[in-house]
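Source file target_4.csv; content: CSV, C-alpha atoms and all ligand atoms.
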chain,number,residue,atom,x,y,z
A,1,MET,CA,-15.1,-12.1,22.7
A,2,THR,CA,-12.3,-12.8,20.3
A,3,PRO,CA,-11.3,-9.6,18.5
A,4,VAL,CA,-11.9,-9.4,14.7
A,5,TYR,CA,-8.9,-7.7,13.0
A,6,LEU,CA,-9.8,-6.2,9.6
A,7,ASP,CA,-7.2,-3.5,9.4
A,8,ASN,CA,-4.4,-5.4,7.6
A,9,ASN,CA,-3.7,-2.6,5.2
A,10,ALA,CA,-2.6,-0.6,8.2
A,11,THR,CA,-0.4,-3.3,9.6
A,12,THR,CA,-0.4,-7.1,9.9
A,13,ARG,CA,0.3,-9.5,12.7
A,14,VAL,CA,3.9,-10.8,12.5
A,15,ASP,CA,3.6,-14.5,11.5
A,16,PRO,CA,4.8,-16.8,14.3
A,17,ALA,CA,7.2,-18.5,11.9
A,18,VAL,CA,8.7,-15.1,11.2
A,19,VAL,CA,9.2,-14.4,14.9
A,20,GLU,CA,10.8,-17.8,15.2
A,21,ALA,CA,13.2,-17.2,12.3
A,22,MET,CA,14.2,-13.8,13.8
A,23,LEU,CA,14.9,-14.9,17.4
A,24,PRO,CA,18.4,-16.5,17.0
A,25,PHE,CA,19.6,-13.2,15.5
A,26,PHE,CA,19.1,-11.4,18.8
A,27,THR,CA,21.0,-14.1,20.7
A,28,GLU,CA,23.6,-16.5,19.3
A,29,GLN,CA,23.8,-15.0,15.9
A,30,PHE,CA,24.5,-11.5,17.0
A,31,GLY,CA,27.5,-10.8,14.7
A,32,ASN,CA,28.0,-7.8,12.4
A,33,ALA,CA,27.7,-9.0,8.8
A,34,SER,CA,30.7,-7.0,7.8
A,35,SER,CA,33.0,-8.8,10.2
A,36,ILE,CA,35.6,-11.3,8.8
A,37,HIS,CA,35.1,-13.8,11.6
A,38,ALA,CA,32.6,-16.6,11.9
A,39,PHE,CA,30.1,-14.5,13.8
A,40,GLY,CA,29.9,-12.1,10.9
A,41,ALA,CA,29.8,-14.8,8.2
A,42,ALA,CA,26.8,-16.6,9.7
A,43,VAL,CA,24.8,-13.3,9.7
A,44,GLY,CA,26.0,-12.4,6.2
A,45,GLY,CA,24.7,-15.8,5.0
A,46,ALA,CA,21.3,-15.3,6.6
A,47,ILE,CA,21.0,-11.8,5.0
A,48,ARG,CA,21.9,-13.3,1.6
A,49,THR,CA,19.1,-15.9,2.0
A,50,ALA,CA,16.6,-13.2,2.9
A,51,ARG,CA,17.7,-11.2,-0.2
A,52,ARG,CA,17.0,-14.3,-2.4
A,53,GLU,CA,13.6,-14.8,-0.8
A,54,LEU,CA,12.7,-11.3,-1.7
A,55,GLN,CA,14.1,-11.7,-5.2
A,56,ALA,CA,11.9,-14.7,-5.7
A,57,LEU,CA,8.7,-13.0,-4.5
A,58,LEU,CA,9.4,-10.1,-6.9
A,59,GLY,CA,10.6,-12.1,-9.8
A,60,ALA,CA,13.8,-10.0,-9.9
A,61,GLU,CA,16.7,-11.1,-12.1
A,62,HIS,CA,19.5,-10.6,-9.5
A,63,ASP,CA,19.4,-10.8,-5.7
A,64,HIS,CA,21.6,-7.6,-5.4
A,65,GLU,CA,18.8,-5.6,-7.0
A,66,ILE,CA,17.3,-5.7,-3.5
A,67,VAL,CA,18.4,-3.0,-1.1
A,68,PHE,CA,17.2,-3.3,2.5
A,69,THR,CA,15.9,-0.1,4.1
A,70,ALA,CA,14.1,0.8,7.3
A,71,GLY,CA,10.6,0.5,5.7
A,72,GLY,CA,8.3,1.6,3.0
A,73,THR,CA,8.7,5.3,3.8
A,74,GLU,CA,12.5,5.2,3.5
A,75,SER,CA,12.3,3.2,0.3
A,76,ASP,CA,9.9,5.8,-1.2
A,77,SER,CA,12.1,8.8,-0.2
A,78,THR,CA,15.2,7.0,-1.5
A,79,ALA,CA,13.7,6.5,-4.9
A,80,ILE,CA,12.6,10.1,-5.3
A,81,PHE,CA,15.7,11.8,-4.1
A,82,SER,CA,17.9,9.3,-6.0
A,83,ALA,CA,16.1,10.0,-9.3
A,84,LEU,CA,16.5,13.8,-9.0
A,85,GLU,CA,20.2,13.5,-8.1
A,86,ALA,CA,20.9,10.9,-10.7
A,87,LEU,CA,19.3,12.8,-13.5
A,88,PRO,CA,20.4,16.3,-12.8
A,89,ASP,CA,19.3,17.8,-16.1
A,90,ARG,CA,15.7,16.9,-15.3
A,91,ASP,CA,13.6,18.5,-12.6
A,92,GLU,CA,10.0,17.2,-13.0
A,93,ILE,CA,8.2,14.4,-11.2
A,94,VAL,CA,5.0,12.8,-12.3
A,95,THR,CA,2.9,11.2,-9.6
A,96,SER,CA,-0.8,10.8,-8.7
A,97,LYS,CA,-3.2,12.5,-6.4
A,98,VAL,CA,-3.9,9.2,-4.6
A,99,GLU,CA,-0.4,8.2,-3.5
A,100,HIS,CA,0.5,7.4,0.1
A,101,PRO,CA,1.8,10.4,2.2
A,102,ALA,CA,5.3,8.8,2.0
A,103,ILE,CA,5.3,10.0,-1.7
A,104,LEU,CA,3.0,13.0,-1.5
A,105,ALA,CA,4.7,14.7,1.4
A,106,VAL,CA,8.1,14.4,-0.3
A,107,CYS,CA,6.7,15.8,-3.5
A,108,ASP,CA,5.1,18.7,-1.7
A,109,HIS,CA,8.4,19.5,0.0
A,110,LEU,CA,10.3,19.4,-3.3
A,111,GLU,CA,7.8,21.7,-4.9
A,112,LYS,CA,7.8,24.1,-1.9
A,113,THR,CA,11.6,24.3,-1.9
A,114,GLY,CA,11.7,24.9,-5.7
A,115,ARG,CA,13.6,21.7,-6.4
A,116,ALA,CA,11.1,20.0,-8.7
A,117,LYS,CA,7.9,20.6,-10.6
A,118,ILE,CA,5.3,18.1,-9.6
A,119,HIS,CA,2.6,16.7,-11.9
A,120,ARG,CA,-0.2,15.1,-9.8
A,121,ILE,CA,-2.3,13.0,-12.1
A,122,GLY,CA,-6.0,12.7,-11.2
A,123,VAL,CA,-8.2,9.6,-11.1
A,124,ASP,CA,-11.8,8.8,-12.1
A,125,ARG,CA,-14.7,7.8,-9.8
A,126,SER,CA,-13.4,4.3,-9.5
A,127,GLY,CA,-9.8,5.5,-8.7
A,128,ARG,CA,-8.4,4.7,-12.1
A,129,LEU,CA,-5.6,6.9,-13.4
A,130,ASP,CA,-6.4,9.6,-16.0
A,131,LEU,CA,-4.2,8.1,-18.8
A,132,ASP,CA,-4.6,11.2,-21.1
A,133,ALA,CA,-3.4,13.5,-18.4
A,134,TYR,CA,-0.5,11.0,-17.6
A,135,ARG,CA,0.6,11.0,-21.3
A,136,ALA,CA,0.4,14.8,-21.5
A,137,ALA,CA,2.6,15.2,-18.4
A,138,LEU,CA,5.4,13.0,-19.8
A,139,SER,CA,8.3,14.9,-21.4
A,140,PRO,CA,12.1,14.8,-21.5
A,141,ARG,CA,12.1,17.1,-18.4
A,142,VAL,CA,10.7,14.3,-16.2
A,143,ALA,CA,13.3,12.7,-14.0
A,144,LEU,CA,10.9,10.3,-12.2
A,145,VAL,CA,7.4,8.8,-12.5
A,146,THR,CA,6.3,7.4,-9.2
A,147,LEU,CA,2.9,5.7,-9.2
A,148,MET,CA,1.6,3.2,-6.7
A,149,TRP,CA,0.9,-0.4,-7.6
A,150,ALA,CA,-2.2,-0.7,-5.4
A,151,ASN,CA,-4.0,1.9,-3.4
A,152,ASN,CA,-3.9,1.4,0.4
A,153,GLU,CA,-7.4,2.9,1.0
A,154,THR,CA,-9.4,1.4,-1.9
A,155,GLY,CA,-7.2,-1.4,-3.2
A,156,THR,CA,-7.5,0.0,-6.8
A,157,ILE,CA,-4.6,-1.3,-8.9
A,158,PHE,CA,-2.8,0.9,-11.4
A,159,PRO,CA,-1.5,-0.9,-14.6
A,160,VAL,CA,2.1,0.0,-13.6
A,161,GLU,CA,3.9,-2.2,-16.1
A,162,GLY,CA,2.2,-0.4,-19.0
A,163,LEU,CA,2.7,3.0,-17.3
A,164,ALA,CA,6.4,2.2,-16.9
A,165,GLU,CA,6.8,1.6,-20.6
A,166,LEU,CA,5.3,5.0,-21.4
A,167,ALA,CA,7.7,6.6,-18.9
A,168,LYS,CA,10.7,4.9,-20.6
A,169,GLU,CA,9.7,6.5,-23.9
A,170,VAL,CA,10.7,9.9,-22.5
A,171,GLY,CA,13.8,8.6,-20.7
A,172,ALA,CA,12.3,9.0,-17.2
A,173,LEU,CA,12.9,6.6,-14.4
A,174,PHE,CA,9.9,4.7,-13.1
A,175,HIS,CA,9.3,3.9,-9.5
A,176,THR,CA,6.3,2.2,-7.9
A,177,ASP,CA,5.2,2.1,-4.3
A,178,ALA,CA,4.2,-1.5,-4.2
A,179,VAL,CA,3.8,-1.7,-0.4
A,180,GLN,CA,0.2,-2.9,-0.6
A,181,ALA,CA,0.7,-5.1,-3.7
A,182,VAL,CA,3.7,-7.2,-2.7
A,183,GLY,CA,2.4,-10.5,-1.4
A,184,LYS,CA,-1.1,-9.9,-2.6
A,185,VAL,CA,-0.7,-9.9,-6.4
A,186,PRO,CA,1.8,-11.7,-8.6
A,187,ILE,CA,4.9,-9.6,-9.5
A,188,ASP,CA,7.5,-10.4,-12.1
A,189,LEU,CA,10.0,-7.6,-12.3
A,190,LYS,CA,12.3,-9.3,-14.8
A,191,SER,CA,9.5,-9.1,-17.4
A,192,SER,CA,8.8,-5.4,-16.8
A,193,VAL,CA,10.7,-2.1,-17.3
A,194,ILE,CA,10.1,-0.9,-13.7
A,195,ASP,CA,13.3,0.7,-12.4
A,196,MET,CA,12.5,0.8,-8.7
A,197,LEU,CA,9.9,-0.7,-6.4
A,198,SER,CA,9.2,-0.1,-2.6
A,199,LEU,CA,8.0,-2.7,-0.2
A,200,SER,CA,7.5,-2.9,3.6
A,201,GLY,CA,7.8,-5.8,6.0
A,202,HIS,CA,4.9,-5.0,8.3
A,203,LYS,CA,2.3,-5.0,5.5
A,204,LEU,CA,3.0,-8.7,4.8
A,205,HIS,CA,3.2,-10.3,8.2
A,206,GLY,CA,6.8,-9.3,8.7
A,207,PRO,CA,8.3,-6.9,11.3
A,208,LYS,CA,7.9,-3.1,11.4
A,209,GLY,CA,10.8,-0.8,10.5
A,210,ILE,CA,12.2,-3.0,7.7
A,211,GLY,CA,11.6,-2.7,4.0
A,212,ALA,CA,13.3,-2.9,0.7
A,213,LEU,CA,13.9,-0.9,-2.4
A,214,TYR,CA,14.3,-2.9,-5.6
A,215,VAL,CA,16.7,-1.1,-7.9
A,216,ARG,CA,17.0,-2.7,-11.4
A,217,ARG,CA,20.6,-3.5,-12.4
A,218,GLY,CA,22.0,-0.6,-14.4
A,219,THR,CA,19.6,2.0,-13.0
A,220,ARG,CA,21.3,5.3,-12.1
A,221,PHE,CA,21.2,5.5,-8.4
A,222,LYS,CA,22.3,7.8,-5.6
A,223,PRO,CA,22.0,6.8,-1.9
A,224,LEU,CA,19.9,8.7,0.6
A,225,ILE,CA,22.0,7.5,3.6
A,226,ARG,CA,25.8,7.6,3.3
A,227,GLY,CA,28.3,6.0,5.5
A,228,GLY,CA,29.7,2.4,5.4
A,229,HIS,CA,29.6,0.1,2.4
A,230,GLN,CA,26.6,-1.9,3.5
A,231,GLU,CA,24.1,-2.8,0.7
A,232,ARG,CA,26.9,-2.2,-1.9
A,233,GLY,CA,27.1,1.4,-0.8
A,234,ARG,CA,23.4,2.0,-1.6
A,235,ARG,CA,22.2,2.2,2.0
A,236,ALA,CA,24.7,2.7,4.8
A,237,GLY,CA,24.3,1.5,8.4
A,238,THR,CA,24.9,-1.9,10.0
A,239,GLU,CA,22.2,-4.2,8.7
A,240,ASN,CA,19.2,-4.9,10.9
A,241,ALA,CA,19.8,-8.6,10.6
A,242,PRO,CA,16.9,-9.9,12.7
A,243,ALA,CA,14.4,-7.8,10.8
A,244,ILE,CA,16.0,-8.6,7.4
A,245,VAL,CA,15.8,-12.3,8.2
A,246,GLY,CA,12.1,-11.8,9.3
A,247,LEU,CA,11.3,-10.0,6.1
A,248,GLY,CA,12.9,-12.8,4.1
A,249,LYS,CA,10.8,-15.4,5.9
A,250,ALA,CA,7.7,-13.2,5.5
A,251,ALA,CA,8.4,-13.0,1.7
A,252,ALA,CA,8.7,-16.8,1.4
A,253,LEU,CA,5.4,-17.2,3.3
A,254,ALA,CA,3.7,-14.6,1.2
A,255,ALA,CA,4.7,-16.4,-1.9
A,256,ALA,CA,3.3,-19.7,-0.5
A,257,HIS,CA,0.0,-18.0,0.5
A,258,MET,CA,-0.5,-16.0,-2.6
A,259,ALA,CA,-3.1,-18.4,-4.1
A,260,ASP,CA,-5.0,-18.4,-0.8
A,261,GLU,CA,-5.1,-14.6,-0.8
A,262,ASN,CA,-6.6,-14.6,-4.3
A,263,THR,CA,-9.2,-17.3,-3.7
A,264,ARG,CA,-10.3,-17.8,-0.1
A,265,VAL,CA,-9.5,-14.3,1.2
A,266,LYS,CA,-11.0,-12.7,-1.8
A,267,ALA,CA,-14.2,-14.7,-1.3
A,268,LEU,CA,-14.4,-13.5,2.3
A,269,ARG,CA,-14.0,-9.9,1.1
A,270,ASP,CA,-16.6,-10.4,-1.6
A,271,ARG,CA,-19.1,-11.9,0.9
A,272,LEU,CA,-18.6,-9.1,3.3
A,273,GLU,CA,-19.1,-6.5,0.5
A,274,ALA,CA,-22.2,-8.1,-0.9
A,275,GLY,CA,-23.7,-8.7,2.5
A,276,ILE,CA,-23.2,-5.0,3.5
A,277,VAL,CA,-24.7,-3.6,0.3
A,278,GLN,CA,-27.6,-6.0,0.6
A,279,ARG,CA,-28.4,-5.3,4.3
A,280,ILE,CA,-27.7,-1.5,4.5
A,281,PRO,CA,-29.4,1.2,2.4
A,282,ASN,CA,-27.5,4.1,0.9
A,283,CYS,CA,-24.0,2.6,0.8
A,284,PHE,CA,-21.7,1.8,-2.1
A,285,VAL,CA,-18.3,0.3,-2.7
A,286,ASN,CA,-15.3,2.7,-3.4
A,287,GLY,CA,-12.6,1.6,-5.9
A,288,ASP,CA,-12.3,-0.3,-9.1
A,289,ARG,CA,-14.5,-3.4,-9.0
A,290,HIS,CA,-12.2,-5.3,-11.3
A,291,ASP,CA,-8.7,-4.1,-10.8
A,292,ARG,CA,-8.6,-4.2,-7.1
A,293,LEU,CA,-6.6,-6.0,-4.3
A,294,PRO,CA,-8.3,-9.2,-3.3
A,295,ASN,CA,-8.2,-8.2,0.4
A,296,THR,CA,-9.5,-4.7,0.4
A,297,CYS,CA,-13.1,-3.5,0.9
A,298,ASN,CA,-13.9,0.2,1.1
A,299,VAL,CA,-17.5,1.1,1.6
A,300,ALA,CA,-19.1,4.6,1.7
A,301,PHE,CA,-22.1,4.9,4.0
A,302,GLU,CA,-24.1,8.1,3.4
A,303,PHE,CA,-25.2,10.4,6.1
A,304,VAL,CA,-22.9,9.1,8.9
A,305,GLU,CA,-19.4,9.8,10.2
A,306,GLY,CA,-16.9,7.1,9.6
A,307,GLU,CA,-15.3,7.7,12.9
A,308,ALA,CA,-18.6,7.0,14.7
A,309,ILE,CA,-19.0,3.7,12.9
A,310,LEU,CA,-15.4,2.8,13.9
A,311,LEU,CA,-16.1,3.5,17.5
A,312,HIS,CA,-19.2,1.3,17.5
A,313,LEU,CA,-17.3,-1.5,15.6
A,314,ASN,CA,-14.5,-1.2,18.2
A,315,ARG,CA,-17.0,-1.6,21.0
A,316,ALA,CA,-18.1,-4.8,19.2
A,317,GLY,CA,-14.5,-6.0,19.1
A,318,ILE,CA,-14.0,-5.3,15.4
A,319,ALA,CA,-11.0,-3.3,14.1
A,320,ALA,CA,-11.3,-1.5,10.8
A,321,SER,CA,-10.4,2.0,9.6
A,322,SER,CA,-12.0,5.0,8.0
A,323,GLY,CA,-11.2,7.1,5.0
A,324,SER,CA,-11.0,10.2,7.0
A,325,ALA,CA,-8.0,11.6,8.8
A,326,CYS,CA,-8.5,13.9,11.7
A,327,THR,CA,-6.6,17.0,10.7
A,328,SER,CA,-6.4,20.3,12.6
A,329,GLY,CA,-9.5,19.4,14.6
A,330,SER,CA,-11.8,19.0,11.6
A,331,LEU,CA,-12.6,15.8,10.0
A,332,GLU,CA,-11.4,16.0,6.4
A,333,PRO,CA,-12.3,13.2,4.0
A,334,SER,CA,-9.3,11.3,2.7
A,335,HIS,CA,-7.3,12.8,-0.2
A,336,VAL,CA,-7.9,9.5,-2.1
A,337,LEU,CA,-11.7,9.7,-1.9
A,338,ARG,CA,-11.6,13.4,-2.6
A,339,ALA,CA,-9.5,12.8,-5.7
A,340,MET,CA,-12.1,10.2,-6.8
A,341,ASP,CA,-14.8,12.9,-6.4
A,342,ILE,CA,-16.8,10.8,-3.9
A,343,PRO,CA,-19.6,13.2,-2.6
A,344,PHE,CA,-18.8,14.8,0.7
A,345,THR,CA,-21.7,13.1,2.6
A,346,ALA,CA,-20.4,9.7,1.5
A,347,ALA,CA,-16.7,10.2,1.7
A,348,HIS,CA,-17.1,11.1,5.4
A,349,GLY,CA,-18.8,7.8,6.1
A,350,SER,CA,-16.3,5.6,4.3
A,351,ILE,CA,-14.9,2.5,6.1
A,352,ARG,CA,-12.1,0.3,5.0
A,353,PHE,CA,-12.1,-3.4,5.9
A,354,SER,CA,-8.8,-5.1,4.9
A,355,PHE,CA,-8.4,-8.8,5.3
A,356,SER,CA,-5.4,-11.1,5.5
A,357,ARG,CA,-4.8,-14.9,5.4
A,358,GLU,CA,-5.5,-15.0,9.2
A,359,ASN,CA,-9.2,-14.0,8.7
A,360,GLY,CA,-12.0,-16.5,8.4
A,361,GLU,CA,-15.8,-16.8,7.8
A,362,ALA,CA,-16.6,-16.0,11.4
A,363,ASP,CA,-15.0,-12.6,11.0
A,364,VAL,CA,-17.4,-11.7,8.1
A,365,ASP,CA,-20.4,-13.0,10.1
A,366,ARG,CA,-19.5,-10.8,13.1
A,367,VAL,CA,-19.3,-7.7,10.9
A,368,LEU,CA,-22.5,-8.5,9.0
A,369,ASP,CA,-24.3,-9.1,12.4
A,370,VAL,CA,-23.5,-5.7,13.9
A,371,MET,CA,-23.4,-3.3,10.9
A,372,PRO,CA,-27.1,-2.9,10.2
A,373,ASP,CA,-27.8,-2.0,13.8
A,374,ILE,CA,-24.9,0.4,14.0
A,375,LEU,CA,-26.0,2.2,10.9
A,376,ASP,CA,-29.6,2.4,12.0
A,377,ARG,CA,-28.6,3.9,15.3
A,378,LEU,CA,-26.2,6.5,13.9
A,379,ARG,CA,-28.5,7.5,11.1
A,380,ALA,CA,-31.3,8.0,13.5
A,381,LEU,CA,-29.2,10.8,15.0
A,382,SER,CA,-28.2,12.3,11.7
A,383,PRO,CA,-30.0,15.6,10.7
A,384,PHE,CA,-29.5,14.7,7.0
A,385,TRP,CA,-31.0,11.2,7.1
A,386,ASN,CA,-34.7,10.9,6.3
A,387,GLY,CA,-34.8,7.1,5.9
A,388,ALA,CA,-35.1,7.3,2.1
A,389,GLY,CA,-32.5,6.5,-0.4
A,390,GLU,CA,-33.0,10.0,-2.0
A,391,SER,CA,-29.4,10.7,-3.1
A,392,ALA,CA,-28.2,7.2,-3.7
A,393,ALA,CA,-29.8,7.1,-7.1
A,394,ALA,CA,-27.5,10.0,-8.2
A,395,PHE,CA,-24.4,8.1,-7.0
A,396,ARG,CA,-24.7,5.0,-9.2
A,397,PRO,CA,-23.3,2.6,-6.6
A,398,VAL,CA,-21.0,-0.1,-7.9
A,399,TYR,CA,-23.4,-2.8,-6.7
A,400,ALA,CA,-26.8,-1.6,-7.9
B,1,LIG,C1,2.2,1.5,4.8
B,1,LIG,C2,2.5,2.1,3.5
B,1,LIG,C3,3.7,2.9,3.3
B,1,LIG,C4,4.7,3.1,4.4
B,1,LIG,O1,5.4,2.0,4.8
B,1,LIG,P1,6.2,2.0,6.2
B,1,LIG,O2,6.9,0.7,6.2
B,1,LIG,O3,5.0,2.0,7.3
B,1,LIG,O4,7.0,3.2,6.3
B,1,LIG,C5,4.0,3.4,2.0
B,1,LIG,N1,3.1,3.2,1.0
B,1,LIG,C6,2.0,2.5,1.1
B,1,LIG,C7,1.1,2.4,0.0
B,1,LIG,C8,1.6,2.0,2.4
B,1,LIG,O5,0.5,1.3,2.5
Take the structure from the file and write it as structure tokens.
Amino acid sequence: MTPVYLDNNATTRVDPAVVEAMLPFFTEQFGNASSIHAFGAAVGGAIRTARRELQALLGAEHDHEIVFTAGGTESDSTAIFSALEALPDRDEIVTSKVEHPAILAVCDHLEKTGRAKIHRIGVDRSGRLDLDAYRAALSPRVALVTLMWANNETGTIFPVEGLAELAKEVGALFHTDAVQAVGKVPIDLKSSVIDMLSLSGHKLHGPKGIGALYVRRGTRFKPLIRGGHQERGRRAGTENAPAIVGLGKAAALAAAHMADENTRVKALRDRLEAGIVQRIPNCFVNGDRHDRLPNTCNVAFEFVEGEAILLHLNRAGIAASSGSACTSGSLEPSHVLRAMDIPFTAAHGSIRFSFSRENGEADVDRVLDVMPDILDRLRALSPFWNGAGESAAAFRPVYA
């Protein structure tokens, strides 16, 4: 039984062409890019090429606006700490309730240690940002607005270009965690006012432990990691050349596959979604039906535990993930679904299927084959399930 991998928002398989591009930089091309000799120059040239490949994917004006980091989490931390340090007369941060922990945990820490006041903007039932609350939170005290481009759990897309323009009106810096958006939706930074953008290699068929922070030319910036002069003093430490080369290759491949992602992959996602809603009672799609990543499908199944569904799927050779995170022994529904006010009984049974360009029709067929039976069996054990779609009516599912 070939496994079906539908957890690409958690991580992706490294593209074989990426591996191939990386390999020489572990062997013959082992030089330190800072060295004057030929060994260094060859590696320096490869890093420059990778920077240009990322520049092209992001539509950035200059290649030196790309700063390589050790991943999405480091890029996010760098942006937040940089803004607070670069704008010392401001001490507020505006973010949302549905950000990745790489943003939320840093904000919680800054709040707890009294270094910043945090505005966490809420979302509606579809995961769309509360624009009135956002506008109300903006003031000349705000150093940084950090809002994600696309949500990792539901795929809901925030209109970050417009949100950035509002932030500029009060002189705040604007950062976006675009880890889930890069490679899936077109991005053209030179036509926006976004100051900083985070991305990560392993979410776009590149290696783990490598990422980048886009920093617009002229943006006030303070490094998180100090030391040598690498990355123009913005991120010290000998460059991870193999991973940087891999990320560059992954970016070039993502650009080439972007159309596929938005047509064929999206059609797979839509077929899975429609098939599930058609075959299984009392379930509905989480997230914004229109402004959503083409690869992400998050479905809430009432009266079942998401973890139980995942175990059954795993037994059938299917990898997906749930909206719940096991914290302190109790299953808490995800902070994203809670912020969206998804009822408890449904948030607990939410499953995320996330596609990539490596998926095909057979993967959708496999899931649609096994899901009805899994749900029937689990619901038969549920004390809350009486076989009738009693509460679904009150939920107004996206696909009625
Ligand atoms: C995966 C992810 C991150 C973290 O990236 P790493 O490279 O794993 O550190 C940050 N933000 C979002 C939205 C993500 O999906």
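Taking all atoms listed in the file into account, ligand LIG 1 (chain B) has within 7 Å the residues Asn9, Ala10, Gly71, Gly72, Thr73, Glu74, Glu99, His100, Ala102, Met148, Asn151, Asn152, Asp177, Ala178, Val179, Gln180, Ser200, Gly201, His202, Lys203, Lys208, Gly209, Ile210 and Gly211 of chain A.
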Include C-alpha atoms and write out the residues we just selected as a PDB file, keeping the file's coordinate frame.
ATOM      1  CA  ASN A   9      -3.700  -2.600   5.200  1.00  0.00           C
ATOM      2  CA  ALA A  10      -2.600  -0.600   8.200  1.00  0.00           C
ATOM      3  CA  GLY A  71      10.600   0.500   5.700  1.00  0.00           C
ATOM      4  CA  GLY A  72       8.300   1.600   3.000  1.00  0.00           C
ATOM      5  CA  THR A  73       8.700   5.300   3.800  1.00  0.00           C
ATOM      6  CA  GLU A  74      12.500   5.200   3.500  1.00  0.00           C
ATOM      7  CA  GLU A  99      -0.400   8.200  -3.500  1.00  0.00           C
ATOM      8  CA  HIS A 100       0.500   7.400   0.100  1.00  0.00           C
ATOM      9  CA  ALA A 102       5.300   8.800   2.000  1.00  0.00           C
ATOM     10  CA  MET A 148       1.600   3.200  -6.700  1.00  0.00           C
ATOM     11  CA  ASN A 151      -4.000   1.900  -3.400  1.00  0.00           C
ATOM     12  CA  ASN A 152      -3.900   1.400   0.400  1.00  0.00           C
ATOM     13  CA  ASP A 177       5.200   2.100  -4.300  1.00  0.00           C
ATOM     14  CA  ALA A 178       4.200  -1.500  -4.200  1.00  0.00           C
ATOM     15  CA  VAL A 179       3.800  -1.700  -0.400  1.00  0.00           C
ATOM     16  CA  GLN A 180       0.200  -2.900  -0.600  1.00  0.00           C
ATOM     17  CA  SER A 200       7.500  -2.900   3.600  1.00  0.00           C
ATOM     18  CA  GLY A 201       7.800  -5.800   6.000  1.00  0.00           C
ATOM     19  CA  HIS A 202       4.900  -5.000   8.300  1.00  0.00           C
ATOM     20  CA  LYS A 203       2.300  -5.000   5.500  1.00  0.00           C
ATOM     21  CA  LYS A 208       7.900  -3.100  11.400  1.00  0.00           C
ATOM     22  CA  GLY A 209      10.800  -0.800  10.500  1.00  0.00           C
ATOM     23  CA  ILE A 210      12.200  -3.000   7.700  1.00  0.00           C
ATOM     24  CA  GLY A 211      11.600  -2.700   4.000  1.00  0.00           C
TER      25      GLY A 211
END
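Of note, CA of Ala251 (chain A) and CA of Asp288 (chain A) are spaced 26.6 Å apart.
Nearest to Tyr214 (chain A) of all the residues A:Asn298, A:Met340, A:Asn32, A:Arg234 is A:Arg234, based on all atoms listed in the file.
With all atoms listed in the file as the atoms that count, the residue of A:His335, A:Ala21, A:Pro281, A:Leu253 with the shortest distance to Ser96 (chain A) is A:His335.
Note that CA of Thr11 (chain A) and CA of Arg51 (chain A) are 22.0 Å apart.
Interatomic distance, CA of Val14 (chain A) to CA of Gly206 (chain A): 5.0 Å.
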6 Å contact set for Asn8 (chain A), all atoms listed in the file, chain neighbours under 3 positions out, as a ChimeraX atom specification: /A:11-12,354-355
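Between Glu305 (chain A) and the residues A:Ala347, A:Val185, A:Val265, A:Ile103, the shortest atom-to-atom distance, using only C-alpha atoms, involves A:Ala347.
Nearest residue to Thr49 (chain A) among A:Arg90, A:Val4, A:Gly248, A:Glu161 is A:Gly248, counting only C-alpha atoms.
For the set A:Lys249, A:His64, A:His109, A:Arg13, the residue with the smallest atom-to-atom gap to Arg232 (chain A) is A:His64, counting only C-alpha atoms.
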